[in-house]
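Asker: Input file: input20.pdb. Contents: PDB, C-alpha atoms.
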```
MODEL        1
ATOM      1  CA  MET P   1     127.256-136.113-116.227
ATOM      2  CA  ASP P   2     127.686-139.823-115.552
ATOM      3  CA  VAL P   3     127.473-141.799-112.342
ATOM      4  CA  ASN P   4     130.665-143.521-113.525
ATOM      5  CA  ALA P   5     133.387-141.007-112.687
ATOM      6  CA  ASP P   6     135.863-142.397-115.223
ATOM      7  CA  ARG P   7     133.381-142.010-118.097
ATOM      8  CA  ALA P   8     132.358-138.531-116.953
ATOM      9  CA  ARG P   9     135.982-137.428-116.607
ATOM     10  CA  THR P  10     136.945-138.838-120.020
ATOM     11  CA  ALA P  11     134.068-137.072-121.770
ATOM     12  CA  GLY P  12     134.691-133.822-119.913
ATOM     13  CA  HIS P  13     138.363-133.783-120.876
ATOM     14  CA  LYS P  14     137.610-134.744-124.478
ATOM     15  CA  TYR P  15     135.186-131.861-124.989
ATOM     16  CA  GLU P  16     136.875-129.470-122.553
ATOM     17  CA  VAL P  17     133.757-128.947-120.450
ATOM     18  CA  PRO P  18     132.953-129.357-116.758
ATOM     19  CA  TRP P  19     131.943-132.882-115.767
ATOM     20  CA  PHE P  20     129.821-134.184-112.919
ATOM     21  CA  THR P  21     128.842-137.426-111.235
ATOM     22  CA  SER P  22     125.514-136.223-109.848
ATOM     23  CA  LEU P  23     122.636-134.334-111.401
ATOM     24  CA  GLY P  24     122.276-131.397-108.993
ATOM     25  CA  PRO P  25     125.538-129.578-109.856
ATOM     26  CA  LEU P  26     124.919-130.128-113.571
ATOM     27  CA  LEU P  27     121.429-128.613-113.443
ATOM     28  CA  ARG P  28     122.860-125.430-111.953
ATOM     29  CA  ARG P  29     125.099-124.976-114.999
ATOM     30  CA  VAL P  30     122.881-125.672-118.036
ATOM     31  CA  ASP P  31     119.773-124.463-119.892
ATOM     32  CA  ALA P  32     118.729-127.886-121.203
ATOM     33  CA  VAL P  33     119.496-131.559-120.666
ATOM     34  CA  ASP P  34     119.762-134.550-122.996
ATOM     35  CA  VAL P  35     118.756-137.700-121.115
ATOM     36  CA  CYS P  36     120.602-140.778-122.452
ATOM     37  CA  THR P  37     120.321-143.031-119.406
ATOM     38  CA  PRO P  38     118.580-146.442-119.127
ATOM     39  CA  SER P  39     115.025-146.086-120.435
ATOM     40  CA  GLY P  40     113.273-146.677-117.128
ATOM     41  CA  THR P  41     115.007-143.632-115.609
ATOM     42  CA  HIS P  42     114.077-141.153-118.357
ATOM     43  CA  ALA P  43     110.962-139.720-116.730
ATOM     44  CA  SER P  44     112.382-139.454-113.218
ATOM     45  CA  ILE P  45     115.512-137.635-114.431
ATOM     46  CA  GLY P  46     113.384-135.529-116.765
ATOM     47  CA  LEU P  47     111.138-134.506-113.851
ATOM     48  CA  ARG P  48     114.152-133.404-111.805
ATOM     49  CA  ALA P  49     115.346-131.314-114.740
ATOM     50  CA  ALA P  50     111.876-129.863-115.346
ATOM     51  CA  ARG P  51     111.473-128.852-111.703
ATOM     52  CA  ALA P  52     114.807-127.054-112.053
ATOM     53  CA  GLY P  53     113.385-125.169-115.045
ATOM     54  CA  LYS P  54     115.382-126.957-117.758
ATOM     55  CA  HIS P  55     114.270-127.857-121.264
ATOM     56  CA  ILE P  56     114.589-131.566-122.026
ATOM     57  CA  VAL P  57     115.353-133.884-124.912
ATOM     58  CA  VAL P  58     114.981-137.559-124.011
ATOM     59  CA  GLU P  59     116.294-140.598-125.841
ATOM     60  CA  LYS P  60     113.684-143.113-126.966
ATOM     61  CA  PRO P  61     111.487-144.338-125.417
ATOM     62  CA  ILE P  62     110.269-141.399-123.367
ATOM     63  CA  ASP P  63     110.086-143.989-120.555
ATOM     64  CA  VAL P  64     108.992-147.618-120.171
ATOM     65  CA  SER P  65     106.060-146.565-117.952
ATOM     66  CA  VAL P  66     103.084-144.776-119.494
ATOM     67  CA  ARG P  67     102.181-143.294-116.115
ATOM     68  CA  ALA P  68     105.686-141.883-115.539
ATOM     69  CA  ALA P  69     105.919-140.571-119.100
ATOM     70  CA  LYS P  70     102.522-138.884-118.833
ATOM     71  CA  ARG P  71     103.618-137.176-115.612
ATOM     72  CA  LEU P  72     106.708-135.808-117.387
ATOM     73  CA  VAL P  73     104.686-134.546-120.368
ATOM     74  CA  GLU P  74     102.133-132.856-118.110
ATOM     75  CA  THR P  75     104.800-131.274-115.891
ATOM     76  CA  CYS P  76     106.697-129.785-118.833
ATOM     77  CA  LYS P  77     103.445-128.409-120.250
ATOM     78  CA  GLU P  78     102.492-126.833-116.917
ATOM     79  CA  LEU P  79     105.928-125.236-116.545
ATOM     80  CA  GLY P  80     106.142-124.030-120.152
ATOM     81  CA  LEU P  81     109.224-126.142-120.913
ATOM     82  CA  THR P  82     110.197-127.735-124.217
ATOM     83  CA  LEU P  83     110.188-131.546-124.193
ATOM     84  CA  ALA P  84     111.359-133.610-127.176
ATOM     85  CA  CYS P  85     111.970-137.329-127.642
ATOM     86  CA  ILE P  86     114.499-138.741-130.083
ATOM     87  CA  SER P  87     112.933-140.243-133.192
ATOM     88  CA  GLN P  88     115.586-139.276-135.697
ATOM     89  CA  HIS P  89     114.198-141.312-138.588
ATOM     90  CA  ARG P  90     111.374-138.785-138.950
ATOM     91  CA  PHE P  91     114.018-136.354-140.195
ATOM     92  CA  ALA P  92     115.134-138.522-143.142
ATOM     93  CA  ALA P  93     114.160-136.887-146.453
ATOM     94  CA  THR P  94     112.974-140.236-147.798
ATOM     95  CA  VAL P  95     110.666-140.893-144.859
ATOM     96  CA  ARG P  96     109.211-137.404-145.131
ATOM     97  CA  ALA P  97     108.606-137.881-148.845
ATOM     98  CA  ALA P  98     106.793-141.160-148.189
ATOM     99  CA  ARG P  99     104.655-139.558-145.491
ATOM    100  CA  ASP P 100     103.730-136.672-147.794
ATOM    101  CA  VAL P 101     102.603-139.156-150.455
ATOM    102  CA  VAL P 102     100.508-141.190-148.019
ATOM    103  CA  GLN P 103      99.017-138.221-146.189
ATOM    104  CA  GLY P 104      98.360-136.464-149.493
ATOM    105  CA  GLY P 105      96.351-139.412-150.800
ATOM    106  CA  LEU P 106      98.655-140.121-153.744
ATOM    107  CA  LEU P 107      98.841-143.822-152.810
ATOM    108  CA  GLY P 108      95.065-143.904-152.692
ATOM    109  CA  ARG P 109      93.282-145.777-149.948
ATOM    110  CA  MET P 110      95.918-147.346-147.719
ATOM    111  CA  LEU P 111      95.750-151.124-147.477
ATOM    112  CA  MET P 112      98.769-152.159-145.434
ATOM    113  CA  GLY P 113     101.618-150.629-143.453
ATOM    114  CA  ASP P 114     104.333-152.970-142.172
ATOM    115  CA  ALA P 115     107.539-152.557-140.176
ATOM    116  CA  TYR P 116     110.347-155.112-139.888
ATOM    117  CA  VAL P 117     113.231-154.672-137.454
ATOM    118  CA  LYS P 118     115.152-157.960-137.491
ATOM    119  CA  TRP P 119     118.377-157.111-135.754
ATOM    120  CA  HIS P 120     121.019-159.049-133.854
ATOM    121  CA  ARG P 121     122.346-158.512-130.350
ATOM    122  CA  SER P 122     124.775-160.844-128.643
ATOM    123  CA  GLN P 123     124.361-162.195-125.132
ATOM    124  CA  GLU P 124     127.378-160.064-124.223
ATOM    125  CA  TYR P 125     125.332-156.979-125.153
ATOM    126  CA  TYR P 126     122.648-157.879-122.613
ATOM    127  CA  ASP P 127     125.253-158.910-120.035
ATOM    128  CA  SER P 128     127.068-155.564-120.346
ATOM    129  CA  GLY P 129     124.664-153.891-117.896
ATOM    130  CA  GLU P 130     122.378-155.297-115.216
ATOM    131  CA  TRP P 131     119.588-153.031-116.479
ATOM    132  CA  ARG P 132     119.637-154.337-120.075
ATOM    133  CA  GLY P 133     116.679-156.465-121.091
ATOM    134  CA  THR P 134     114.783-155.805-117.846
ATOM    135  CA  HIS P 135     111.133-154.765-117.644
ATOM    136  CA  ARG P 136     111.810-151.977-115.161
ATOM    137  CA  LEU P 137     114.675-150.222-116.918
ATOM    138  CA  ASP P 138     114.937-151.320-120.553
ATOM    139  CA  GLY P 139     112.321-153.417-122.334
ATOM    140  CA  GLY P 140     112.827-155.888-125.147
ATOM    141  CA  CYS P 141     113.094-155.758-128.918
ATOM    142  CA  LEU P 142     109.786-153.880-129.301
ATOM    143  CA  MET P 143     110.463-151.176-126.719
ATOM    144  CA  ASN P 144     114.176-150.772-127.358
ATOM    145  CA  GLN P 145     114.972-151.604-130.990
ATOM    146  CA  ALA P 146     111.729-151.576-133.027
ATOM    147  CA  ILE P 147     110.287-148.458-131.420
ATOM    148  CA  HIS P 148     111.812-146.215-134.079
ATOM    149  CA  TYR P 149     110.003-147.877-136.956
ATOM    150  CA  VAL P 150     106.848-148.350-134.889
ATOM    151  CA  ASP P 151     106.892-144.574-134.444
ATOM    152  CA  LEU P 152     107.339-144.065-138.198
ATOM    153  CA  LEU P 153     104.505-146.464-138.976
ATOM    154  CA  LEU P 154     102.070-144.546-136.754
ATOM    155  CA  TRP P 155     103.349-141.182-138.023
ATOM    156  CA  ILE P 156     102.778-142.179-141.646
ATOM    157  CA  MET P 157      99.735-144.453-141.449
ATOM    158  CA  GLY P 158      97.893-142.632-138.691
ATOM    159  CA  PRO P 159      96.705-143.907-135.298
ATOM    160  CA  ALA P 160      96.022-147.546-134.544
ATOM    161  CA  ALA P 161      92.585-148.809-133.562
ATOM    162  CA  SER P 162      93.637-152.179-132.175
ATOM    163  CA  VAL P 163      96.585-154.524-131.758
ATOM    164  CA  ARG P 164      97.200-158.226-131.270
ATOM    165  CA  ALA P 165     100.674-159.338-130.242
ATOM    166  CA  LEU P 166     102.763-162.375-129.391
ATOM    167  CA  THR P 167     106.221-162.208-127.846
ATOM    168  CA  ARG P 168     108.923-164.744-126.954
ATOM    169  CA  THR P 169     112.289-164.809-125.226
ATOM    170  CA  ALA P 170     113.916-167.221-127.656
ATOM    171  CA  CYS P 171     117.668-166.689-127.830
ATOM    172  CA  HIS P 172     118.905-164.658-124.870
ATOM    173  CA  ARG P 173     119.041-164.815-121.094
ATOM    174  CA  MET P 174     116.939-161.766-120.273
ATOM    175  CA  GLU P 175     113.604-160.790-118.740
ATOM    176  CA  CYS P 176     112.048-159.231-121.835
ATOM    177  CA  GLU P 177     111.249-160.452-125.319
ATOM    178  CA  ASP P 178     113.739-160.900-128.143
ATOM    179  CA  VAL P 179     111.084-161.928-130.718
ATOM    180  CA  ALA P 180     107.764-160.146-131.276
ATOM    181  CA  VAL P 181     104.997-160.126-133.873
ATOM    182  CA  VAL P 182     102.251-157.495-133.743
ATOM    183  CA  MET P 183      99.153-157.298-135.933
ATOM    184  CA  VAL P 184      97.764-153.782-136.267
ATOM    185  CA  GLU P 185      94.412-152.445-137.401
ATOM    186  CA  PHE P 186      94.693-148.749-138.151
ATOM    187  CA  ALA P 187      91.867-146.301-137.557
ATOM    188  CA  SER P 188      91.722-145.801-141.329
ATOM    189  CA  GLY P 189      90.830-149.471-141.833
ATOM    190  CA  ALA P 190      94.255-150.425-143.164
ATOM    191  CA  MET P 191      96.084-153.354-141.589
ATOM    192  CA  GLY P 192      99.703-154.026-140.794
ATOM    193  CA  VAL P 193     102.323-156.270-139.251
ATOM    194  CA  ILE P 194     105.283-155.405-137.056
ATOM    195  CA  GLN P 195     108.039-158.000-136.697
ATOM    196  CA  ALA P 196     110.871-157.332-134.281
ATOM    197  CA  SER P 197     113.782-159.377-133.027
ATOM    198  CA  THR P 198     117.335-159.218-131.726
ATOM    199  CA  CYS P 199     117.955-162.858-132.694
ATOM    200  CA  CYS P 200     118.375-162.473-136.478
ATOM    201  CA  TYR P 201     122.082-162.923-137.224
ATOM    202  CA  PRO P 202     123.900-160.942-138.523
ATOM    203  CA  GLY P 203     121.202-158.253-138.365
ATOM    204  CA  LEU P 204     119.129-157.040-141.312
ATOM    205  CA  PRO P 205     118.391-153.413-142.282
ATOM    206  CA  GLU P 206     115.141-152.182-140.798
ATOM    207  CA  ARG P 207     112.357-151.972-143.384
ATOM    208  CA  LEU P 208     109.086-150.090-143.817
ATOM    209  CA  GLU P 209     106.499-151.220-146.397
ATOM    210  CA  LEU P 210     103.565-149.014-147.418
ATOM    211  CA  HIS P 211     100.889-150.398-149.730
ATOM    212  CA  GLY P 212      97.993-148.392-151.133
ATOM    213  CA  GLU P 213      95.523-148.916-153.944
ATOM    214  CA  ARG P 214      97.778-146.978-156.332
ATOM    215  CA  GLY P 215     101.204-148.253-155.448
ATOM    216  CA  THR P 216     103.914-149.397-153.046
ATOM    217  CA  ILE P 217     106.771-147.693-151.211
ATOM    218  CA  VAL P 218     109.514-149.637-149.412
ATOM    219  CA  ILE P 219     112.164-147.941-147.291
ATOM    220  CA  GLU P 220     115.183-149.817-145.918
ATOM    221  CA  ALA P 221     117.450-148.138-143.401
ATOM    222  CA  ASP P 222     115.942-144.767-144.362
ATOM    223  CA  ARG P 223     116.723-145.297-148.060
ATOM    224  CA  ILE P 224     114.122-145.980-150.755
ATOM    225  CA  SER P 225     114.355-149.485-152.202
ATOM    226  CA  ARG P 226     111.012-149.427-154.058
ATOM    227  CA  TRP P 227     108.886-146.518-155.240
ATOM    228  CA  ASP P 228     106.202-147.994-157.464
ATOM    229  CA  LEU P 229     103.738-145.156-157.872
ATOM    230  CA  GLU P 230     102.558-144.195-161.341
ATOM    231  CA  GLY P 231     102.912-140.509-162.097
ATOM    232  CA  VAL P 232     104.969-139.745-158.987
ATOM    233  CA  PRO P 233     108.739-139.846-159.574
ATOM    234  CA  THR P 234     111.103-141.319-157.021
ATOM    235  CA  PRO P 235     112.427-138.527-154.776
ATOM    236  CA  SER P 236     115.907-137.435-155.760
ATOM    237  CA  ALA P 237     116.932-136.765-152.159
ATOM    238  CA  GLN P 238     118.009-139.866-150.263
ATOM    239  CA  ALA P 239     118.774-139.962-146.564
ATOM    240  CA  GLN P 240     122.415-139.508-145.651
ATOM    241  CA  PRO P 241     124.116-142.912-145.351
ATOM    242  CA  SER P 242     124.549-144.078-141.783
ATOM    243  CA  SER P 243     124.800-147.381-139.977
ATOM    244  CA  THR P 244     121.458-148.938-139.125
ATOM    245  CA  GLY P 245     122.654-150.463-135.898
ATOM    246  CA  ALA P 246     121.293-153.787-137.139
ATOM    247  CA  GLY P 247     124.305-155.637-135.818
ATOM    248  CA  ASP P 248     126.224-152.960-133.913
ATOM    249  CA  PRO P 249     124.357-150.929-131.264
ATOM    250  CA  THR P 250     127.227-148.442-130.969
ATOM    251  CA  ALA P 251     126.913-147.380-134.610
ATOM    252  CA  ILE P 252     123.493-145.697-134.404
ATOM    253  CA  TRP P 253     124.304-142.102-135.235
ATOM    254  CA  GLY P 254     123.871-140.040-138.364
ATOM    255  CA  GLU P 255     122.736-136.838-140.022
ATOM    256  CA  GLN P 256     119.158-137.311-138.857
ATOM    257  CA  HIS P 257     120.232-137.057-135.206
ATOM    258  CA  ARG P 258     121.892-133.715-135.907
ATOM    259  CA  LEU P 259     118.765-132.437-137.646
ATOM    260  CA  GLN P 260     116.560-133.417-134.726
ATOM    261  CA  LEU P 261     118.830-131.808-132.138
ATOM    262  CA  GLN P 262     118.871-128.638-134.261
ATOM    263  CA  ASP P 263     115.065-128.680-134.275
ATOM    264  CA  PHE P 264     115.053-129.014-130.476
ATOM    265  CA  VAL P 265     117.326-125.986-130.053
ATOM    266  CA  ARG P 266     115.184-123.948-132.453
ATOM    267  CA  ALA P 267     112.002-125.042-130.664
ATOM    268  CA  VAL P 268     113.409-123.745-127.384
ATOM    269  CA  SER P 269     114.471-120.406-128.871
ATOM    270  CA  GLU P 270     111.225-119.998-130.859
ATOM    271  CA  ARG P 271     109.033-121.166-127.953
ATOM    272  CA  ARG P 272     107.237-123.764-130.055
ATOM    273  CA  GLU P 273     106.637-127.494-129.919
ATOM    274  CA  PRO P 274     109.499-129.577-131.335
ATOM    275  CA  GLU P 275     108.728-131.774-134.328
ATOM    276  CA  VAL P 276     108.776-134.851-132.080
ATOM    277  CA  SER P 277     107.117-133.708-128.889
ATOM    278  CA  GLY P 278     106.654-135.467-125.595
ATOM    279  CA  LYS P 279     103.016-136.047-126.555
ATOM    280  CA  ASN P 280     104.110-137.750-129.801
ATOM    281  CA  ALA P 281     106.411-140.017-127.799
ATOM    282  CA  LEU P 282     103.637-140.758-125.314
ATOM    283  CA  ASP P 283     101.358-141.885-128.163
ATOM    284  CA  THR P 284     104.003-144.307-129.427
ATOM    285  CA  LEU P 285     104.583-145.606-125.903
ATOM    286  CA  GLY P 286     100.821-146.081-125.505
ATOM    287  CA  PHE P 287     100.771-148.250-128.614
ATOM    288  CA  LEU P 288     103.621-150.408-127.307
ATOM    289  CA  ASP P 289     101.956-150.691-123.919
ATOM    290  CA  ALA P 290      98.813-152.015-125.651
ATOM    291  CA  ALA P 291     100.912-154.529-127.609
ATOM    292  CA  TYR P 292     102.505-155.806-124.406
ATOM    293  CA  ARG P 293      99.095-156.107-122.741
ATOM    294  CA  SER P 294      97.908-158.154-125.701
ATOM    295  CA  ALA P 295     100.955-160.430-125.487
ATOM    296  CA  ARG P 296     100.386-161.012-121.783
ATOM    297  CA  ARG P 297      96.837-162.112-122.671
ATOM    298  CA  GLY P 298      97.997-164.595-125.275
ATOM    299  CA  GLY P 299      97.442-162.357-128.285
ATOM    300  CA  MET P 300      93.961-161.112-127.436
ATOM    301  CA  ARG P 301      92.811-157.971-129.228
ATOM    302  CA  VAL P 302      93.447-154.717-127.347
ATOM    303  CA  ASN P 303      91.644-151.593-128.515
ATOM    304  CA  LEU P 304      93.247-148.155-128.479
ATOM    305  CA  SER P 305      91.609-144.756-128.305
ATOM    306  CA  PRO P 306      91.373-142.827-131.626
ATOM    307  CA  ALA P 307      94.375-140.689-130.648
ATOM    308  CA  CYS P 308      96.461-143.771-129.730
ATOM    309  CA  SER P 309      97.168-142.305-126.301
ATOM    310  CA  LEU P 310      96.139-143.494-122.872
TER     311      LEU P 310
ENDMDL
END
```
Re-express the file's structure as C-alpha cells.
Answerer:
Amino acid sequence: MDVNADRARTAGHKYEVPWFTSLGPLLRRVDAVDVCTPSGTHASIGLRAARAGKHIVVEKPIDVSVRAAKRLVETCKELGLTLACISQHRFAATVRAARDVVQGGLLGRMLMGDAYVKWHRSQEYYDSGEWRGTHRLDGGCLMNQAIHYVDLLLWIMGPAASVRALTRTACHRMECEDVAVVMVEFASGAMGVIQASTCCYPGLPERLELHGERGTIVIEADRISRWDLEGVPTPSAQAQPSSTGAGDPTAIWGEQHRLQLQDFVRAVSERREPEVSGKNALDTLGFLDAAYRSARRGGMRVNLSPACSL
C-alpha cells in the first residue's frame, strides 16, 4: 500500500500481489502490517492496524512522539497483538557476542560505552520529501540515523541514568539537527559519548566502542575491528557483509533484517514477545527524547528513570 498510486502499482506488479492506495482495503486482506512510512506517522498507522486486529512491525523509530508511541504499545498489549520495531543490528552475531561478554562480566566493570554514527546525506536527500528533516514527521541525525547504534548502546551497556546533549543544524536546510553530541551516564556508573551527524563526507562506518577494566571491543558496521580481551578469543562468526548506509540511504538492507522479520513471524505464531518489542523501542525513544530536552536547555543534565522509559 502506498498513497502514490504509481509506486503501489509498480510494487504490486513486481511481486504479483494486490496493491492499494489507502489503508482500509489493505487491512481487510492481511494478518500483519509492516509500517515503513515517515516516522511521525508510525503510531497513528499502527493504531489503525491494531484496532483492526493486525499484528505490527514498525520501522525505527517507533514514532517521534513518546506519547503516541506509548499509546501504540499500550493498545497492542491490551488487544493481545504482537508489536515489533526494527533494530536489525541486534541480530548481528558480532553484536550479540559483544553483549554476552559485557552482560556476562567478562570485560569486568564497564568504564565507557561510545557510539559514533558520522554519515553523509546530501541536501537533495532532505529535499526529496517535504517531511524529511522535520520535527513532526522525521527528526534529525539522532532520531533518524544514529538511533540504531543508540539502541545497541543501551541494549549492551544497560539503561542510562542521565544525558547531556548539544545539537546543531550545520550543513543542511532543514528543521532538525545534522550534528549532535550526547554525553551519557549509565545506571551502572559507566560513562559514554554519542556522536551523530549527516555532514561527514563521504560517510564513515558506524562504530561502537566498549571499554571495561579487562579489555576493549570495537565494532564497525556490525563487524569486529578490535577484540582485546585476554582469555576470550575473537568470535569466529562475523556479521554478514552489507552496506552501512553511511553514504547511501537506499543501501540499508542485509541479513540482519531478514533475521528480525523471521523473529517477528515466529513471535506471532508462538504468541510471545518479539526480540525487539514495542516496549524496547519506547525505551530507546525515551532516551532520545531526554537528549533533545537537554539540547533545548543548552546541554543541561536530564535524568532518566532506572528503566530508561517515560
Asker: Between P:Thr198, P:Ser188, P:Thr167, P:Ser294, single out the one closest to P:Cys141, counting all atoms listed in the file.
Answerer: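 Of P:Thr198, P:Ser188, P:Thr167, P:Ser294, the one nearest P:Cys141 is P:Thr198, counting all atoms listed in the file.
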Asker: List the spatial neighbours of P:Phe20 as a list in words - criterion: any atom at most 10 Å away, only C-alpha atoms, same-chain residues fewer than 4 positions off excluded.
Answerer: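 Answer for this query is Met1, Asp2, Val3, Asn4, Ala5, Ala8, Arg9, Gly12, Gly24, Pro25 and Leu26 of chain P.
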Asker: Can you work out which one of P:Leu153, P:Ala295, P:Val302, P:Ala246 has the shortest atom-to-atom distance to P:Ser197, counting all atoms listed in the file?
Answerer: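 Distance minimum relative to P:Ser197 lands on P:Ala246.
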Asker: Enter the distance from atom CA of P:Val265 to atom CA of P:Glu78, in Å, rounded to one decimal.
Answerer: 19.8 Å
Asker: Could you name the residues that touch P:Thr37 at 10 Å or less, counting all atoms listed in the file, but leaving out those on the same chain fewer than 3 positions away, as a list in words?
Answerer: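 Neighbouring residues, sequence-local ones excluded: Asp2, Asp34, Gly40, Thr41, His42, Ile45, Val58, Glu59, Leu137 and Asp138 of chain P.
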Asker: In Å, rounded to a single decimal, give me how far atom CA of P:Asp248 is from atom CA of P:Arg121.
Answerer: 7.7 Å
Asker: Out of P:Trp155, P:Phe91, P:Phe186, P:Trp227, which residue has the shortest atom-to-atom distance to P:Gln103 when counting all atoms listed in the file?
Answerer: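 Closest candidate: P:Trp155.
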Asker: When distances are computed from all atoms listed in the file, which of P:Ile156, P:Arg258, P:Ser44, P:Cys76 shows the smallest separation from P:Val64?
Answerer: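 Nearest to P:Val64: P:Ser44.
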Asker: Give me, please, the distance in Å between atom CA of P:Asn280 and atom CA of P:Ala161, quoted to one decimal.
Answerer: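 Spanning atom CA of P:Asn280 to atom CA of P:Ala161 is a straight-line distance of 16.4 Å.
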Asker: Under the rule of at most 6 Å, produce a per-residue listing of stretch 90-120 of chain P near stretch 213-224 of chain P: chain, number, name, the closest pair of atoms, and the distance in Å, as JSON lines, using only C-alpha atoms.
Answerer:
```
{"residue": "P:Leu107", "atom": "CA", "partner": "P:Arg214", "partner_atom": "CA", "distance": 4.8}
{"residue": "P:Gly108", "atom": "CA", "partner": "P:Glu213", "partner_atom": "CA", "distance": 5.2}
{"residue": "P:Arg109", "atom": "CA", "partner": "P:Glu213", "partner_atom": "CA", "distance": 5.6}
```
Asker: Can you give me, as a PyMOL selection string, the residues this file yields under the PyMOL selection byres ((chain P and resi 282-286) around 9)?
Answerer: chain P and resi 61-66+69-70+73+143+147+150-151+154+159+277-281+287-291+304+307-310
